[in-house]
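Asks: Before we start, here is the structure in question, set down as structure tokens.
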Amino acid sequence: MSQFRTLAFALVVLCQLGVPAWMILHREWTLRDGVRVKFKVEPMDPEDAVLGRSVRFRIPSSEVTLDDPVRRPSQVWAYALLEVDPEGFGHFSAIRDDAPEAGVYLRVQVRRNEKKGAIQLPFDRFYLPEDVVAGTEKAAGSTLGSGMKEAHVLLRIHEGFGVVEDLYVQDTPILDYLKVPPEPQMKEGETP
Amino acid sequence: MSRQGSDWLLGELPDLVSRGILSQDAADRLCAHYGVGDTDAGRQLGLTVTAVFGSALIGLGIILVLAYNWQELSRSLRAGISFSILLGAQAAAGWVFLRSIPSRPWREGTACLWFLALGSAMALIAQTYHLPGDVSRFLLTWMLLAVPVVYLTRSSAAAALYLVGVTALGGSEAAGGEGSLLYWGMLSLLGPYLWSLLRHDRQSTEAVCLLWLGAASLGFGFGFSIAEYGEQLYLAAYAGLFSVLYLTGRIWFGQAPRVWRRPLQSIGGLGAFGLALRFSYQDSWQHLERFGGREWDWGDGLPGVVLIGACLALSVILGWFSLVNGRPQNLLWGSFGAVAFLAHVLLLSTESTLGPVLLMNLYLLAAGVSVLVRGLHRERIGTVNLGMLILAALIAARFFDSDLGLVVRGIGFILVGAAFLSANAYLGRRFRGLQRPKEGLSHTSGEEP
């Protein structure tokens, strides 16, 4: 009985350590071996780009034309093939049911929408330290929101799995971008 | 001695001593013989509660500190922190578990910390690698990894956390339009633990607390299940649920000495009364009608209909069981599921909402009168007051519902209030000679409608 208790406890502990360990290792391997791909992003709501302690973003170019829209169920797991342009930005080119042998691709969920397929990307936020976010909100108001119109996210992609490496605003990593205090906004008729 | 027996003994002893039937010494010896009345159990409970709260606060504090998102820390250091916290909690719980330490506060406290440490480790990983805000997936992974904690440690605090987590998971799934199957599946994982707890001592504090939480979770679960079919099913579904809860509570927990120890019949009875009162208004039926109450889609709404059918069937079985065992009073709120279903059928088959409104009003009237009559018959002032409260609520509802003027309504309220007070004064005088005042006015016993 005592041996069974020890065995059961050890098994549970192993599972509980194994799952987070696998989550970490899988992402670390992807960050180490993955191809760098950039995606232009836009905030969900420019006036409210910062929610809590993370910046939420949306990748707008995540829709592709489907070859067989009728046969495809409303939502399935599939492989989205990517073409990377010379500047490093990724564009979705096709959807496949099976994993391609070469090239850059992501395993994603695709929601059918008439002849188009909307790719549900598993990236929608970038976490930031609480004081950075709070300070920026107080000092800059919606500056971050307007700046994020020129934002892109940098992913590492390896064997269909992607990890967010960084978020850039005007080609500057967001943490560096936020450290620069915004210029005070002049009121009408006011001289500097 | 069972909790029910010990409660009875503790209630009787002061009276026996005051009447001179037993000496104080004899009463103390009886307490010592049966192991009741000592403060050790209370002290243990107090220690357990503080241990659970302390651990929960530490666990939640760790989650909040890590949520600050310390960018200065490298990814490997963050991973190290995640695992250190989890390993620390596992080691503490493992020490209690493997050494079979009998202290309940230690068991509950370490299990609670273990449960929350798992969540904090996963949250830190999600934050470090900017995982998407998929609450369902996060909760699902957390709960699946944490459910063995409940069984290994036999901790009710961990079970309570699991119930809260599974309910939140169900809410997240329902909000995303994913249905409720996952909620029911995850909830069923706690079934064997709850069953063993109830079989051991269904009136223990931990079993009662878990039943309160479980019944509340079931209420949410029904909401998740019928949310995708619109509002048309919710009266029948909730009426069925409240009937089953009430009947189950009356049959298996009816003898519990205090109201808080009767979670199922308390939630079932209050829920049935509240829902019946709400649907005694014509507006509620018109609202139901507007949101598809007449267009019951038997195809798309099949899972919801199965849920309602199961509740109705169960309430019929439990009602029959009550009748066979000579407890027809259980049908008071136990029949609410059938009455609500009948009212809904009336709405579907007739052109008017008048039929269901009348049925609900008659049901509440019959409930109020039957409780009042039973209270008078058994000479229990608490039951009499409850019956009068039901009637007063019904009268007040109709006053607000009608087009009567303010003066007429005001006079009506004064008259009902005066009748209430007069009846109380009269009954109080009448019972005084028959019952001890403390039994009549402050202790209404386990008997309740």
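We label chains A, B, ... in the order they appear in the structure tokens, count residues from 1 in each chain, and number ligands from 1 in the order shown.
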Taking only C-alpha atoms into account and nothing else, which residues of chain B lie no more than 9 Å away from chain A? Please answer as a ChimeraX atom specification.
Replies: /B:67-71,79,82-83,86-87,90,94,97-98,118,121-122,125,127-134,141,145-146,148-149,152
Asks: For each of B:Ala159, B:Val96, B:Val357, B:Ile267, take the minimum atom-to-atom distance to Gln282 of chain B, counting only C-alpha atoms, then give the residue where this is smallest.
Replies: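 For Gln282 of chain B, the nearest of the given residues is B:Val357.
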Asks: Residues within 12 Å of segment 195-200 of chain B, please, as a count of residues only. Count only C-alpha atoms; anything in the same chain fewer than 2 positions from it doesn't count.
Replies: 26
Asks: Identify which of the residues B:Ile85, B:Gly59, B:Leu318, B:Ile308 lies closest to Cys112 of chain B, counting only C-alpha atoms when measuring atom-to-atom distances.
Replies: B:Gly59
Asks: Considering only C-alpha atoms, return as a count of residues only whatever protein or nucleic-acid residues lie within 8 Å of Gly119 of chain B, sequence-local ones (same chain, fewer than 3 positions apart) excluded.
Replies: 6
Asks: Which residues are close to Arg409 of chain B, i.e. within 9 Å by only C-alpha atoms, leaving aside same-chain residues fewer than 5 positions away? Reply as number ranges by chain.
Replies: B: 396, 399-400, 404, 414
Asks: I need the chosen residues saved as a CSV table (one decimal), in the first residue's frame, with C-alpha atoms.
Replies:
chain,number,residue,atom,x,y,z
B,396,ALA,CA,-46.9,42.0,-2.8
B,399,PHE,CA,-49.9,44.6,-5.9
B,400,PHE,CA,-46.9,45.8,-7.9
B,404,LEU,CA,-54.1,49.8,-8.7
B,414,ILE,CA,-50.9,47.8,5.8
Asks: List the neighbours of segment 166-176 of chain B out to 10 Å using only C-alpha atoms; skip same-chain residues closer than 2 positions along the sequence, and give me the result as a PDB file with C-alpha atoms, in the first residue's frame.
Replies:
ATOM      1  CA  ASP B 134      -6.937  31.253 -24.291  1.00  0.00           C
ATOM      2  CA  VAL B 135      -8.545  30.985 -20.849  1.00  0.00           C
ATOM      3  CA  SER B 136     -10.220  27.660 -21.634  1.00  0.00           C
ATOM      4  CA  ARG B 137      -7.002  25.927 -22.606  1.00  0.00           C
ATOM      5  CA  PHE B 138      -5.168  27.365 -19.596  1.00  0.00           C
ATOM      6  CA  LEU B 139      -7.877  26.249 -17.159  1.00  0.00           C
ATOM      7  CA  LEU B 140      -8.262  22.863 -18.824  1.00  0.00           C
ATOM      8  CA  TRP B 142      -4.452  23.384 -14.925  1.00  0.00           C
ATOM      9  CA  MET B 143      -7.519  21.444 -13.800  1.00  0.00           C
ATOM     10  CA  LEU B 144      -6.461  18.196 -15.503  1.00  0.00           C
ATOM     11  CA  ALA B 160     -13.433  23.346  -3.780  1.00  0.00           C
ATOM     12  CA  LEU B 161     -10.736  25.051  -5.883  1.00  0.00           C
ATOM     13  CA  TYR B 162     -11.277  22.439  -8.578  1.00  0.00           C
ATOM     14  CA  LEU B 163     -15.032  23.131  -8.578  1.00  0.00           C
ATOM     15  CA  VAL B 164     -14.410  26.860  -8.961  1.00  0.00           C
ATOM     16  CA  GLU B 178     -18.219  25.830 -27.516  1.00  0.00           C
ATOM     17  CA  GLY B 179     -21.049  24.111 -25.635  1.00  0.00           C
ATOM     18  CA  SER B 180     -20.938  22.559 -22.206  1.00  0.00           C
ATOM     19  CA  LEU B 181     -19.758  19.007 -22.770  1.00  0.00           C
ATOM     20  CA  LEU B 182     -16.280  19.762 -21.441  1.00  0.00           C
ATOM     21  CA  TYR B 183     -17.753  21.261 -18.254  1.00  0.00           C
ATOM     22  CA  TRP B 184     -19.832  18.149 -17.526  1.00  0.00           C
ATOM     23  CA  GLY B 185     -16.908  15.850 -18.304  1.00  0.00           C
ATOM     24  CA  MET B 186     -14.544  17.749 -16.026  1.00  0.00           C
ATOM     25  CA  LEU B 187     -17.168  17.982 -13.277  1.00  0.00           C
ATOM     26  CA  GLY B 214     -21.374  21.921  -6.114  1.00  0.00           C
ATOM     27  CA  ALA B 216     -24.010  26.507  -7.193  1.00  0.00           C
ATOM     28  CA  SER B 217     -21.717  25.078  -9.885  1.00  0.00           C
ATOM     29  CA  LEU B 218     -24.586  22.915 -11.185  1.00  0.00           C
ATOM     30  CA  GLY B 219     -26.704  26.060 -11.447  1.00  0.00           C
ATOM     31  CA  PHE B 220     -24.036  27.663 -13.639  1.00  0.00           C
ATOM     32  CA  GLY B 221     -23.621  24.401 -15.578  1.00  0.00           C
ATOM     33  CA  GLY B 223     -26.896  27.934 -17.702  1.00  0.00           C
ATOM     34  CA  PHE B 224     -23.941  26.905 -19.907  1.00  0.00           C
ATOM     35  CA  SER B 225     -25.895  23.959 -21.319  1.00  0.00           C
ATOM     36  CA  ILE B 226     -28.977  25.887 -22.307  1.00  0.00           C
ATOM     37  CA  ALA B 227     -27.209  29.127 -23.267  1.00  0.00           C
ATOM     38  CA  GLU B 228     -26.767  27.972 -26.851  1.00  0.00           C
TER      39      GLU B 228
END
Asks: I need the residues of segment 48-281 of chain B that end up classed as helix (DSSP H, G or I) by DSSP on the backbone, written out as a ChimeraX atom specification.
Replies: /B:48-67,75-98,104-128,135-153,156-175,181-188,191-201,205-227,234-253,259-261,263-278
Asks: Let me make sure I understand: among B:Leu372, B:Ala236, B:Glu12, B:Gly109, which one has the smallest atom-to-atom distance to Leu342 of chain B if we use only C-alpha atoms?
Replies: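 Nearest to Leu342 of chain B: B:Ala236.
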Asks: Using only C-alpha atoms, find the one residue out of A:Glu159, A:Trp77, A:Val153, A:Pro60 that sits nearest to Val104 of chain A.
Replies: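 Once distances to Val104 of chain A are computed over only C-alpha atoms, the minimum belongs to A:Glu159.
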Asks: Take atom CA of Gly337 of chain B and atom CA of Gly375 of chain B and report the distance between them in Å, one decimal.
Replies: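 Here the two named atoms are 24.2 Å from each other.
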Asks: Set the distance at 7 Å and use only C-alpha atoms: which residues neighbour Val169 of chain A once local chain neighbours fewer than 2 positions away are removed? I'd like the list as a PDB file with N, CA and C atoms, in the first residue's frame.
Replies:
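Result written to part-v5.pdb:
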ATOM      1  N   GLY A 147       1.092  54.818 -32.357  1.00  0.00           N
ATOM      2  CA  GLY A 147       2.384  54.284 -32.797  1.00  0.00           C
ATOM      3  C   GLY A 147       2.265  52.877 -33.329  1.00  0.00           C
ATOM      4  N   MET A 148       1.334  52.112 -32.766  1.00  0.00           N
ATOM      5  CA  MET A 148       1.221  50.709 -33.159  1.00  0.00           C
ATOM      6  C   MET A 148       0.653  50.528 -34.559  1.00  0.00           C
ATOM      7  N   GLU A 150       2.231  51.365 -36.937  1.00  0.00           N
ATOM      8  CA  GLU A 150       3.434  50.914 -37.655  1.00  0.00           C
ATOM      9  C   GLU A 150       4.127  49.859 -36.810  1.00  0.00           C
ATOM     10  N   ALA A 151       3.411  48.836 -36.473  1.00  0.00           N
ATOM     11  CA  ALA A 151       3.976  47.805 -35.594  1.00  0.00           C
ATOM     12  C   ALA A 151       4.072  46.473 -36.321  1.00  0.00           C
ATOM     13  N   HIS A 152       5.024  45.663 -35.896  1.00  0.00           N
ATOM     14  CA  HIS A 152       5.054  44.287 -36.385  1.00  0.00           C
ATOM     15  C   HIS A 152       5.540  43.359 -35.273  1.00  0.00           C
ATOM     16  N   LEU A 167       7.935  42.292 -30.060  1.00  0.00           N
ATOM     17  CA  LEU A 167       6.975  43.157 -30.739  1.00  0.00           C
ATOM     18  C   LEU A 167       7.680  44.480 -31.013  1.00  0.00           C
ATOM     19  N   ASP A 171       9.834  49.974 -35.873  1.00  0.00           N
ATOM     20  CA  ASP A 171      11.108  49.238 -35.968  1.00  0.00           C
ATOM     21  C   ASP A 171      11.931  49.248 -34.680  1.00  0.00           C
ATOM     22  N   THR A 172      11.331  49.590 -33.574  1.00  0.00           N
ATOM     23  CA  THR A 172      12.036  49.576 -32.287  1.00  0.00           C
ATOM     24  C   THR A 172      11.333  48.560 -31.376  1.00  0.00           C
ATOM     25  N   PRO A 173      12.097  47.709 -30.679  1.00  0.00           N
ATOM     26  CA  PRO A 173      11.431  46.798 -29.727  1.00  0.00           C
ATOM     27  C   PRO A 173      10.540  47.595 -28.767  1.00  0.00           C
ATOM     28  N   ILE A 174       9.375  47.056 -28.501  1.00  0.00           N
ATOM     29  CA  ILE A 174       8.356  47.840 -27.785  1.00  0.00           C
ATOM     30  C   ILE A 174       8.845  48.334 -26.423  1.00  0.00           C
ATOM     31  N   TYR A 177      10.921  51.283 -27.075  1.00  0.00           N
ATOM     32  CA  TYR A 177      10.042  52.343 -27.574  1.00  0.00           C
ATOM     33  C   TYR A 177       9.305  53.025 -26.406  1.00  0.00           C
TER      34      TYR A 177
END
Asks: So how far away is atom CA of Tyr238 of chain B from atom CA of Arg327 of chain B, in Å?
Replies: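 Distance between the two atoms: 23.4 Å.
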Asks: May I ask for the distance between atom CA of Ser280 of chain B and atom CA of Leu389 of chain B, given in Å to one decimal place?
Replies: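 So the answer is 15.8 Å.
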